[in-house]
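Student: File name data.csv; file contents CSV, C-alpha atoms and all ligand atoms; full text below.
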chain,number,residue,atom,x,y,z
A,1,MET,CA,95.9,125.3,82.8
A,2,LEU,CA,94.3,126.5,79.6
A,3,ASP,CA,93.8,130.2,79.7
A,4,LEU,CA,90.2,131.5,79.8
A,5,SER,CA,91.3,135.1,79.3
A,6,SER,CA,90.6,135.0,75.6
A,7,PHE,CA,86.9,134.7,76.4
A,8,LYS,CA,85.0,137.8,77.2
A,9,LYS,CA,83.5,137.7,80.7
A,10,GLN,CA,81.4,140.0,82.8
A,11,ASN,CA,82.3,140.2,86.5
A,12,TYR,CA,79.4,139.6,88.7
A,13,THR,CA,81.3,138.3,91.8
A,14,PRO,CA,84.2,140.5,93.0
A,15,TYR,CA,85.8,137.7,95.0
A,16,GLU,CA,86.5,133.9,95.0
A,17,THR,CA,83.8,131.9,96.7
A,18,PRO,CA,85.1,130.3,100.0
A,19,LEU,CA,86.0,126.6,100.2
A,20,GLU,CA,84.9,126.0,103.8
A,21,ARG,CA,85.4,123.0,106.1
A,22,ALA,CA,82.1,121.7,107.4
A,23,HIS,CA,83.3,120.6,110.9
A,24,LYS,CA,79.8,120.5,112.5
A,25,LEU,CA,78.3,118.5,109.6
A,26,GLU,CA,81.2,116.0,110.0
A,27,LEU,CA,80.6,115.8,113.8
A,28,PHE,CA,76.9,115.2,113.1
A,29,LEU,CA,77.7,112.3,110.6
A,30,GLY,CA,80.0,110.8,113.2
A,31,LYS,CA,82.9,108.3,112.7
A,32,LYS,CA,82.0,107.5,109.1
A,33,SER,CA,82.4,111.1,108.0
A,34,PRO,CA,85.2,112.0,105.6
A,35,LYS,CA,86.6,115.5,105.8
A,36,ILE,CA,84.0,117.7,104.1
A,37,TYR,CA,84.6,121.0,102.4
A,38,ILE,CA,81.8,123.1,100.9
A,39,LYS,CA,82.4,125.3,97.9
A,40,ARG,CA,80.1,128.2,98.7
A,41,ASP,CA,78.8,129.1,95.2
A,42,ASP,CA,75.6,130.1,97.0
A,43,MET,CA,77.6,133.2,97.8
A,44,LEU,CA,78.1,134.2,94.1
A,45,GLY,CA,77.0,137.6,93.0
A,46,LEU,CA,73.7,138.7,91.4
A,47,THR,CA,70.3,138.4,93.2
A,48,GLY,CA,70.5,135.5,95.7
A,49,GLY,CA,73.6,133.9,94.2
A,50,GLY,CA,74.0,130.4,92.9
A,51,ASN,CA,75.7,128.5,90.0
A,52,LYS,CA,74.0,130.3,87.1
A,53,THR,CA,76.0,133.5,88.0
A,54,ARG,CA,79.2,131.9,86.8
A,55,LYS,CA,77.6,130.8,83.5
A,56,LEU,CA,76.0,134.2,83.0
A,57,GLU,CA,79.3,135.9,83.3
A,58,PHE,CA,80.3,134.3,80.0
A,59,LEU,CA,76.9,134.2,78.4
A,60,MET,CA,76.1,137.9,79.0
A,61,ALA,CA,79.5,138.9,77.7
A,62,ASP,CA,78.6,137.1,74.5
A,63,ALA,CA,75.2,138.7,74.4
A,64,ILE,CA,76.8,142.2,74.9
A,65,GLU,CA,79.3,141.5,72.2
A,66,LYS,CA,76.4,140.7,69.9
A,67,LYS,CA,74.7,144.0,70.9
A,68,ALA,CA,71.7,142.2,72.5
A,69,THR,CA,68.9,144.4,73.9
A,70,ALA,CA,66.6,141.6,74.9
A,71,ILE,CA,67.4,138.4,76.7
A,72,ILE,CA,65.1,135.4,76.4
A,73,THR,CA,65.5,132.3,78.5
A,74,CYS,CA,63.4,129.4,79.9
A,75,GLY,CA,63.2,127.3,83.1
A,76,ALA,CA,60.9,125.6,85.5
A,77,ILE,CA,58.3,127.6,87.4
A,78,GLN,CA,60.6,128.1,90.3
A,79,SER,CA,63.8,128.5,88.2
A,80,ASN,CA,66.9,129.8,89.8
A,81,HIS,CA,68.3,130.3,86.4
A,82,CYS,CA,65.5,132.6,85.3
A,83,ARG,CA,65.9,134.6,88.5
A,84,LEU,CA,69.6,135.1,87.9
A,85,THR,CA,69.3,135.7,84.2
A,86,LEU,CA,66.7,138.4,85.0
A,87,ALA,CA,69.1,140.0,87.5
A,88,ALA,CA,72.0,140.0,84.9
A,89,ALA,CA,69.7,141.5,82.3
A,90,ILE,CA,68.8,144.3,84.7
A,91,ARG,CA,72.5,145.0,85.2
A,92,GLU,CA,73.1,145.1,81.5
A,93,ASN,CA,70.1,147.3,80.7
A,94,CYS,CA,68.4,144.6,78.7
A,95,GLU,CA,64.8,143.4,78.5
A,96,CYS,CA,64.3,140.0,79.9
A,97,HIS,CA,61.6,137.6,78.6
A,98,LEU,CA,61.0,134.4,80.6
A,99,VAL,CA,59.4,131.2,79.4
A,100,LEU,CA,58.3,129.2,82.4
A,101,GLU,CA,57.6,125.5,81.9
A,102,GLU,CA,55.0,123.9,84.1
A,103,ARG,CA,56.7,120.5,84.3
A,104,ILE,CA,54.1,119.1,86.7
A,105,PRO,CA,50.5,119.8,85.5
A,106,ASN,CA,48.6,122.5,87.5
A,107,THR,CA,51.5,123.5,89.8
A,108,PHE,CA,51.9,127.0,88.5
A,109,ASP,CA,50.6,129.5,91.0
A,110,GLN,CA,50.8,133.2,90.1
A,111,GLU,CA,50.9,134.1,93.9
A,112,ALA,CA,53.6,131.6,94.8
A,113,SER,CA,56.5,132.7,96.8
A,114,GLY,CA,60.2,131.9,96.2
A,115,ASN,CA,61.6,132.6,92.7
A,116,ASN,CA,58.1,133.2,91.3
A,117,PHE,CA,57.8,136.2,93.6
A,118,LEU,CA,61.2,137.4,92.6
A,119,PHE,CA,60.4,137.3,88.9
A,120,GLN,CA,57.7,139.8,89.7
A,121,LEU,CA,59.8,141.9,92.1
A,122,LEU,CA,62.7,142.1,89.7
A,123,GLY,CA,60.3,143.0,86.9
A,124,ALA,CA,60.6,140.5,84.1
A,125,THR,CA,59.6,142.2,80.8
A,126,SER,CA,57.3,139.2,80.0
A,127,THR,CA,56.6,135.8,81.5
A,128,THR,CA,55.0,133.1,79.3
A,129,LEU,CA,53.7,129.9,80.8
A,130,ALA,CA,54.4,126.7,78.7
A,131,LYS,CA,52.6,123.5,79.5
A,132,LYS,CA,54.5,120.3,80.1
A,133,GLY,CA,55.8,118.9,76.8
A,134,GLU,CA,55.4,122.2,74.9
A,135,ASN,CA,58.5,123.0,72.9
A,136,THR,CA,60.1,125.9,74.8
A,137,GLN,CA,62.9,126.2,72.2
A,138,ALA,CA,60.2,126.9,69.5
A,139,ILE,CA,58.5,129.4,71.8
A,140,MET,CA,61.7,131.3,72.5
A,141,LYS,CA,62.6,131.3,68.8
A,142,LYS,CA,59.1,132.7,67.9
A,143,MET,CA,59.6,135.4,70.6
A,144,ALA,CA,63.0,136.3,69.2
A,145,ASP,CA,61.5,136.7,65.7
A,146,GLU,CA,58.8,139.0,67.1
A,147,LEU,CA,61.3,141.1,69.0
A,148,LYS,CA,63.5,141.4,65.8
A,149,LYS,CA,60.4,142.8,64.0
A,150,GLN,CA,60.2,145.4,66.7
A,151,GLY,CA,63.8,146.5,66.0
A,152,LYS,CA,65.2,144.8,69.1
A,153,THR,CA,68.2,142.5,69.2
A,154,PRO,CA,67.2,139.3,71.0
A,155,TYR,CA,69.7,136.8,72.5
A,156,ILE,CA,68.5,133.3,73.6
A,157,ILE,CA,70.1,131.7,76.6
A,158,PRO,CA,69.3,128.0,76.8
A,159,GLY,CA,67.6,126.5,79.9
A,160,GLY,CA,70.0,126.4,82.8
A,161,GLY,CA,72.6,128.5,80.8
A,162,SER,CA,73.9,125.1,79.7
A,163,ASN,CA,75.8,125.4,76.5
A,164,GLU,CA,79.6,125.4,76.0
A,165,ILE,CA,79.8,129.2,76.7
A,166,GLY,CA,77.9,128.9,80.0
A,167,SER,CA,80.0,125.8,81.0
A,168,LEU,CA,83.2,127.9,80.9
A,169,GLY,CA,81.9,129.3,84.2
A,170,TYR,CA,82.5,125.9,85.8
A,171,VAL,CA,85.8,125.3,84.1
A,172,ASN,CA,86.7,128.6,85.8
A,173,CYS,CA,85.2,127.3,89.1
A,174,PHE,CA,87.5,124.2,88.9
A,175,TYR,CA,90.5,126.4,88.3
A,176,GLU,CA,89.5,128.4,91.4
A,177,ILE,CA,89.1,125.1,93.4
A,178,LYS,CA,92.5,123.9,92.2
A,179,ASN,CA,94.2,126.9,93.6
A,180,GLN,CA,92.3,126.7,96.9
A,181,ILE,CA,93.2,123.0,97.3
A,182,LYS,CA,96.8,124.0,96.9
A,183,THR,CA,96.6,126.8,99.4
A,184,LEU,CA,94.8,124.6,102.0
A,185,ALA,CA,97.2,121.8,101.3
A,186,ILE,CA,94.4,119.2,101.0
A,187,ASN,CA,94.1,116.3,98.6
A,188,PRO,CA,90.4,115.7,97.9
A,189,SER,CA,89.3,112.5,96.2
A,190,THR,CA,85.9,113.6,94.9
A,191,ILE,CA,83.9,116.7,94.0
A,192,ILE,CA,80.1,116.2,94.4
A,193,CYS,CA,77.7,118.4,92.5
A,194,THR,CA,74.1,118.5,91.4
A,195,SER,CA,73.7,117.4,87.8
A,196,GLY,CA,70.6,119.0,86.1
A,197,SER,CA,70.8,120.8,82.8
A,198,SER,CA,74.4,119.7,83.0
A,199,GLY,CA,76.6,122.8,82.6
A,200,THR,CA,78.0,122.7,86.1
A,201,HIS,CA,79.0,119.1,86.0
A,202,ALA,CA,80.3,119.4,82.4
A,203,GLY,CA,82.4,122.4,83.2
A,204,LEU,CA,83.9,120.8,86.2
A,205,VAL,CA,84.7,117.6,84.3
A,206,THR,CA,86.3,119.7,81.5
A,207,GLY,CA,88.4,121.5,84.0
A,208,ILE,CA,89.5,118.3,85.7
A,209,LYS,CA,90.4,116.7,82.3
A,210,ILE,CA,92.3,119.5,80.8
A,211,THR,CA,94.4,120.0,84.0
A,212,LYS,CA,94.8,116.2,84.3
A,213,THR,CA,93.9,116.5,88.0
A,214,PRO,CA,93.4,113.1,89.8
A,215,ILE,CA,90.0,113.9,91.3
A,216,LYS,CA,86.6,112.4,90.6
A,217,CYS,CA,83.5,114.4,90.0
A,218,LEU,CA,80.2,112.8,91.0
A,219,GLY,CA,77.0,114.3,89.8
A,220,ILE,CA,73.8,113.6,91.6
A,221,SER,CA,71.1,113.6,89.0
A,222,VAL,CA,67.9,115.4,89.9
A,223,MET,CA,65.8,114.5,86.8
A,224,ARG,CA,67.3,112.0,84.4
A,225,SER,CA,68.4,108.4,84.5
A,226,LYS,CA,72.1,107.7,84.7
A,227,ILE,CA,72.3,106.7,81.0
A,228,GLU,CA,70.6,109.9,79.8
A,229,GLN,CA,72.4,112.2,82.1
A,230,THR,CA,75.8,110.7,81.3
A,231,GLU,CA,75.2,111.3,77.6
A,232,LEU,CA,74.1,114.9,78.3
A,233,VAL,CA,77.1,115.8,80.4
A,234,ARG,CA,79.6,114.0,78.2
A,235,SER,CA,78.4,115.7,75.1
A,236,LEU,CA,78.5,119.2,76.7
A,237,ALA,CA,81.9,118.6,78.3
A,238,SER,CA,83.2,117.6,74.9
A,239,LYS,CA,81.8,120.7,73.3
A,240,THR,CA,83.3,122.8,76.1
A,241,ALA,CA,86.7,121.2,75.6
A,242,ARG,CA,86.5,121.9,71.9
A,243,LEU,CA,85.6,125.5,72.5
A,244,LEU,CA,88.8,125.7,74.6
A,245,GLN,CA,90.7,124.0,71.8
A,246,ALA,CA,91.9,121.5,74.4
A,247,ASN,CA,93.5,118.4,73.2
A,248,THR,CA,91.4,116.1,75.5
A,249,SER,CA,88.8,113.5,74.7
A,250,ILE,CA,86.0,113.2,77.2
A,251,ASN,CA,84.4,109.7,77.5
A,252,ASP,CA,81.6,108.1,79.3
A,253,GLU,CA,84.0,106.8,82.0
A,254,ASP,CA,84.9,110.4,82.9
A,255,ILE,CA,81.2,111.0,83.8
A,256,LEU,CA,80.1,109.7,87.2
A,257,ILE,CA,76.3,109.9,87.8
A,258,ASP,CA,74.2,108.7,90.7
A,259,ASP,CA,70.5,108.7,89.9
A,260,ASN,CA,69.2,107.2,93.2
A,261,TYR,CA,68.1,110.4,94.8
A,262,ILE,CA,65.5,111.8,92.3
A,263,GLY,CA,62.5,110.4,94.2
A,264,ASN,CA,59.2,110.7,92.3
A,265,GLY,CA,60.6,113.2,89.9
A,266,TYR,CA,62.1,116.6,89.2
A,267,SER,CA,61.2,119.1,91.9
A,268,MET,CA,59.2,116.6,93.9
A,269,PRO,CA,60.3,116.6,97.6
A,270,THR,CA,61.7,113.5,99.2
A,271,PRO,CA,62.1,112.8,102.9
A,272,GLU,CA,65.8,112.5,102.4
A,273,MET,CA,66.0,116.0,100.8
A,274,ILE,CA,64.0,117.4,103.8
A,275,GLU,CA,66.4,115.7,106.2
A,276,ALA,CA,69.5,116.9,104.3
A,277,VAL,CA,68.3,120.5,104.1
A,278,THR,CA,67.4,120.5,107.8
A,279,ILE,CA,70.8,118.9,108.8
A,280,LEU,CA,72.8,121.5,107.0
A,281,ALA,CA,70.7,124.4,108.3
A,282,GLN,CA,71.0,123.1,111.9
A,283,THR,CA,74.7,122.1,111.8
A,284,GLU,CA,76.3,124.8,109.7
A,285,GLY,CA,73.6,127.5,109.4
A,286,ILE,CA,73.7,127.1,105.6
A,287,LEU,CA,70.5,127.0,103.5
A,288,LEU,CA,70.3,124.6,100.6
A,289,ASP,CA,67.4,124.4,98.1
A,290,PRO,CA,64.7,121.7,97.8
A,291,VAL,CA,65.1,120.9,94.1
A,292,TYR,CA,68.8,120.6,93.5
A,293,THR,CA,71.3,120.9,96.4
A,294,GLY,CA,68.9,119.3,98.9
A,295,LYS,CA,68.8,116.1,96.8
A,296,ALA,CA,72.5,116.3,96.1
A,297,LEU,CA,73.4,116.5,99.8
A,298,ALA,CA,70.9,113.8,100.6
A,299,GLY,CA,72.9,111.6,98.1
A,300,MET,CA,76.2,112.6,99.7
A,301,ILE,CA,75.0,111.8,103.2
A,302,ASP,CA,73.6,108.4,102.1
A,303,LEU,CA,76.9,107.5,100.3
A,304,ILE,CA,78.8,108.3,103.5
A,305,ARG,CA,76.3,106.3,105.7
A,306,LYS,CA,76.7,103.3,103.3
A,307,ASN,CA,80.5,103.6,103.4
A,308,SER,CA,80.7,104.3,99.6
A,309,ILE,CA,82.7,107.3,100.6
A,310,SER,CA,85.2,106.4,103.4
A,311,SER,CA,86.2,108.3,106.5
A,312,ASP,CA,89.8,108.7,105.3
A,313,GLU,CA,88.8,110.7,102.2
A,314,THR,CA,88.5,114.4,101.7
A,315,ILE,CA,85.5,115.5,99.6
A,316,ILE,CA,84.2,118.8,98.2
A,317,PHE,CA,80.4,119.5,98.0
A,318,ILE,CA,79.6,122.2,95.5
A,319,HIS,CA,76.8,124.4,97.0
A,320,THR,CA,75.2,125.6,93.8
A,321,GLY,CA,72.7,127.9,95.6
A,322,GLY,CA,69.0,128.0,95.1
A,323,SER,CA,67.8,128.9,98.6
A,324,PRO,CA,65.2,131.4,97.4
A,325,ALA,CA,63.2,128.4,96.2
A,326,LEU,CA,62.9,127.1,99.8
A,327,TYR,CA,60.3,129.7,100.5
A,328,ALA,CA,57.9,128.1,98.0
A,329,TYR,CA,58.3,124.7,99.8
A,330,GLN,CA,57.7,125.8,103.4
A,331,LYS,CA,54.7,123.5,103.8
A,332,ASP,CA,56.8,120.4,102.9
A,333,PHE,CA,58.9,121.1,105.9
A,334,HIS,CA,56.0,121.7,108.4
A,335,GLN,CA,55.7,118.1,109.4
A,336,THR,CA,59.3,117.7,110.5
A,337,LEU,CA,59.8,121.2,111.9
A,338,LYS,CA,58.0,122.0,115.1
A,339,PRO,CA,58.0,125.5,116.5
A,340,ASN,CA,60.2,125.7,119.5
A,341,TYR,CA,59.5,129.1,121.0
A,342,ASN,CA,60.0,129.6,124.7
A,343,LYS,CA,57.0,130.9,126.5
A,344,THR,CA,57.7,134.0,128.6
A,345,PRO,CA,57.5,133.0,132.3
B,401,LIG,C1,70.5,125.7,92.8
B,401,LIG,C2,70.9,124.9,91.6
B,401,LIG,N1,71.8,123.9,91.7
B,401,LIG,C3,72.1,123.1,90.7
B,401,LIG,C4,71.6,123.2,89.5
B,401,LIG,C5,72.0,122.3,88.4
B,401,LIG,O1,73.0,122.8,87.6
B,401,LIG,P1,73.1,122.5,86.1
B,401,LIG,O2,71.8,123.0,85.5
B,401,LIG,O3,74.3,123.2,85.6
B,401,LIG,O4,73.2,121.0,86.0
B,401,LIG,C6,70.6,124.2,89.3
B,401,LIG,C7,70.0,124.4,87.9
B,401,LIG,O5,69.0,125.1,87.7
B,401,LIG,C8,70.3,125.1,90.3
B,401,LIG,O6,69.3,126.0,90.2
When written as structure tokens, how does the structure in this file appear?

Tutor:
Amino acid sequence: MLDLSSFKKQNYTPYETPLERAHKLELFLGKKSPKIYIKRDDMLGLTGGGNKTRKLEFLMADAIEKKATAIITCGAIQSNHCRLTLAAAIRENCECHLVLEERIPNTFDQEASGNNFLFQLLGATSTTLAKKGENTQAIMKKMADELKKQGKTPYIIPGGGSNEIGSLGYVNCFYEIKNQIKTLAINPSTIICTSGSSGTHAGLVTGIKITKTPIKCLGISVMRSKIEQTELVRSLASKTARLLQANTSINDEDILIDDNYIGNGYSMPTPEMIEAVTILAQTEGILLDPVYTGKALAGMIDLIRKNSISSDETIIFIHTGGSPALYAYQKDFHQTLKPNYNKTP
């Protein structure tokens, strides 16, 4: 395995995240179920955990090396990435400026729960609302110029922490999984993850390719078509492999994307997402999120039910976190969840 130790890294999780067998989910899915393991990246460090913590370990180390005093990043109005970047900035005594993109017109609510509440509780230095289609890169660049004039040292983290530095976090995750597979003496055929801004998927693919491990990585797209998402992941995986000076070429055939579970669009609830979130909560007691992992698990369940994944396989589902966003979606679950309180006799 190519060594990552030449890259500076902050340590925000003082342990490996568990790779747990989901026996009760398997029982629920019945005879068609493969053996399912869940990589519990929802248990990563920083406020509320989730995949961005792994990316931020490398990104913040780079920011610190560049003597940054102010972190700027962007995301959707319920962005897990913004929550975790803010948490990392607090740890490193940096200011944190958030640019929140209202991707669906008129959905921003200052009083909303979930990550929006946490942006306020954690005390973002500033939050700027960008309307759909506004150029968030340009807004962040302008902000950085202003901060420089004030004598500060800004550092821009791209949306989702998805550049080649952030992706190293998921190369690292794959190395961790590879050791855990060996210890557990299992032979998984497929890793299933959410594919959004693409750093998670790209990092995993890079890890798989440079270690020449015979395992597939299927990304469930939550916003883009298969063609667009394949290009995004391939391009980032190639840059990550280059940063690692790996002698590996990453091609379209290495990138597996399923875009059938997006529904009406990014962050829009689907009945299948609500079912998947409810199933995992009620079988394993594990909380997913409505925008990313809920749709990814909905995809995995559907592929099992359709026999696209067979019962003699072993698969790994990467739980990339995000459960704080659930609290902003409570009303979408009301129709399916009926209170079941016992009355006192
Ligand atoms: C909980 C959660 N899972 C998955 C993703 C997607 O990961 P990536 O942006 O690396 O594709 C995100 C991105 O924000 C996320 O918040």

Student: What separation in Å, quoted to one decimal, exists between atom CA of Glu95 of chain A and atom CA of Ala70 of chain A?

Tutor: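 Atom CA of Glu95 of chain A sits 4.4 Å away from atom CA of Ala70 of chain A.
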
Student: Could you jot down the atom CA of Leu2 of chain A to atom CA of Ile318 of chain A separation for me, Å, one decimal place?

Tutor: 22.1 Å

Student: Report, in Å with one decimal, the straight-line distance from atom CA of Cys217 of chain A to atom CA of Leu256 of chain A.

Tutor: 6.4 Å

Student: Can you pull out every residue within 9 Å of Asn251 of chain A, counting all atoms listed in the file, but drop anything in the same chain fewer than 5 positions away, and send it as a PyMOL selection string?

Tutor: chain A and resi 234-235+238

Student: Store the residues of this selection in a file with C-alpha atoms, as an mmCIF file, in the coordinates of the input.

Tutor:
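Output below, filename out_36.cif:
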data_model
loop_
_atom_site.group_PDB
_atom_site.id
_atom_site.type_symbol
_atom_site.label_atom_id
_atom_site.label_comp_id
_atom_site.auth_asym_id
_atom_site.auth_seq_id
_atom_site.Cartn_x
_atom_site.Cartn_y
_atom_site.Cartn_z
ATOM 1 C CA ARG A 234 79.600 114.000 78.200
ATOM 2 C CA SER A 235 78.400 115.700 75.100
ATOM 3 C CA SER A 238 83.200 117.600 74.900
#

Student: Could you give me the residues within 7 Å of ligand LIG 401 (chain B), counting only C-alpha atoms and all ligand atoms, as a list in words?

Tutor: Gly50, Asn51, Ser79, Asn80, His81, Gly160, Ser162, Thr194, Ser195, Gly196, Ser197, Ser198, Gly199, Thr200, His201, Asp289, Tyr292, Thr293, Thr320, Gly321 and Gly322 of chain A

Student: List the residues sitting within 10 Å of (87.6, 117.8, 104.8) in the file's frame, using all atoms listed in the file, as number ranges by chain.

Tutor: A: 20-23, 26, 33-38, 186-188, 311-316

Student: Hey, what's within 6 Å of His319 of chain A if we count only C-alpha atoms and toss same-chain stuff fewer than 3 positions away? As a PDB file with C-alpha atoms, in the coordinates of the input, please?

Tutor:
ATOM      1  CA  LYS A  39      82.400 125.300  97.900  1.00  0.00           C
ATOM      2  CA  ARG A  40      80.100 128.200  98.700  1.00  0.00           C
ATOM      3  CA  ASP A  41      78.800 129.100  95.200  1.00  0.00           C
ATOM      4  CA  ASP A  42      75.600 130.100  97.000  1.00  0.00           C
TER       5      ASP A  42
END

Student: Quick one: everything within 9 Å of segment 268-277 of chain A, counting all atoms listed in the file, minus sequence neighbours fewer than 2 positions away in the same chain. Send it as an MDAnalysis selection string.

Tutor: chainID A and resid 261:266 279:282 286:291 293:299 301:302 329 332:333 336

Student: May I ask which of the residues A:Leu243, A:Ala88, A:Ala185, A:Cys193 is the closest one to Leu56 of chain A, counting all atoms listed in the file?

Tutor: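 Of A:Leu243, A:Ala88, A:Ala185, A:Cys193, the one nearest Leu56 of chain A is A:Ala88, counting all atoms listed in the file.
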
Student: Restricting the calculation to all atoms listed in the file: of A:Ile192, A:Leu326, A:Ala87, A:Ile208, which residue gets closest to Val171 of chain A?

Tutor: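 Using all atoms listed in the file, the shortest distance to Val171 of chain A belongs to A:Ile208.
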
Student: Which one of A:Ile72, A:Lys331, A:Gly166, A:Ser323 sits closest to Gly49 of chain A if you count all atoms listed in the file?

Tutor: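 Of A:Ile72, A:Lys331, A:Gly166, A:Ser323, the one nearest Gly49 of chain A, counting all atoms listed in the file, is A:Ser323.
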
Student: Would you list the contacts of Ala130 of chain A as a ChimeraX atom specification, taking every protein, DNA or RNA residue within 10 Å and counting all atoms listed in the file, but skipping same-chain residues closer than 4 positions in sequence?

Tutor: /A:74-77,99-103,134-136,139
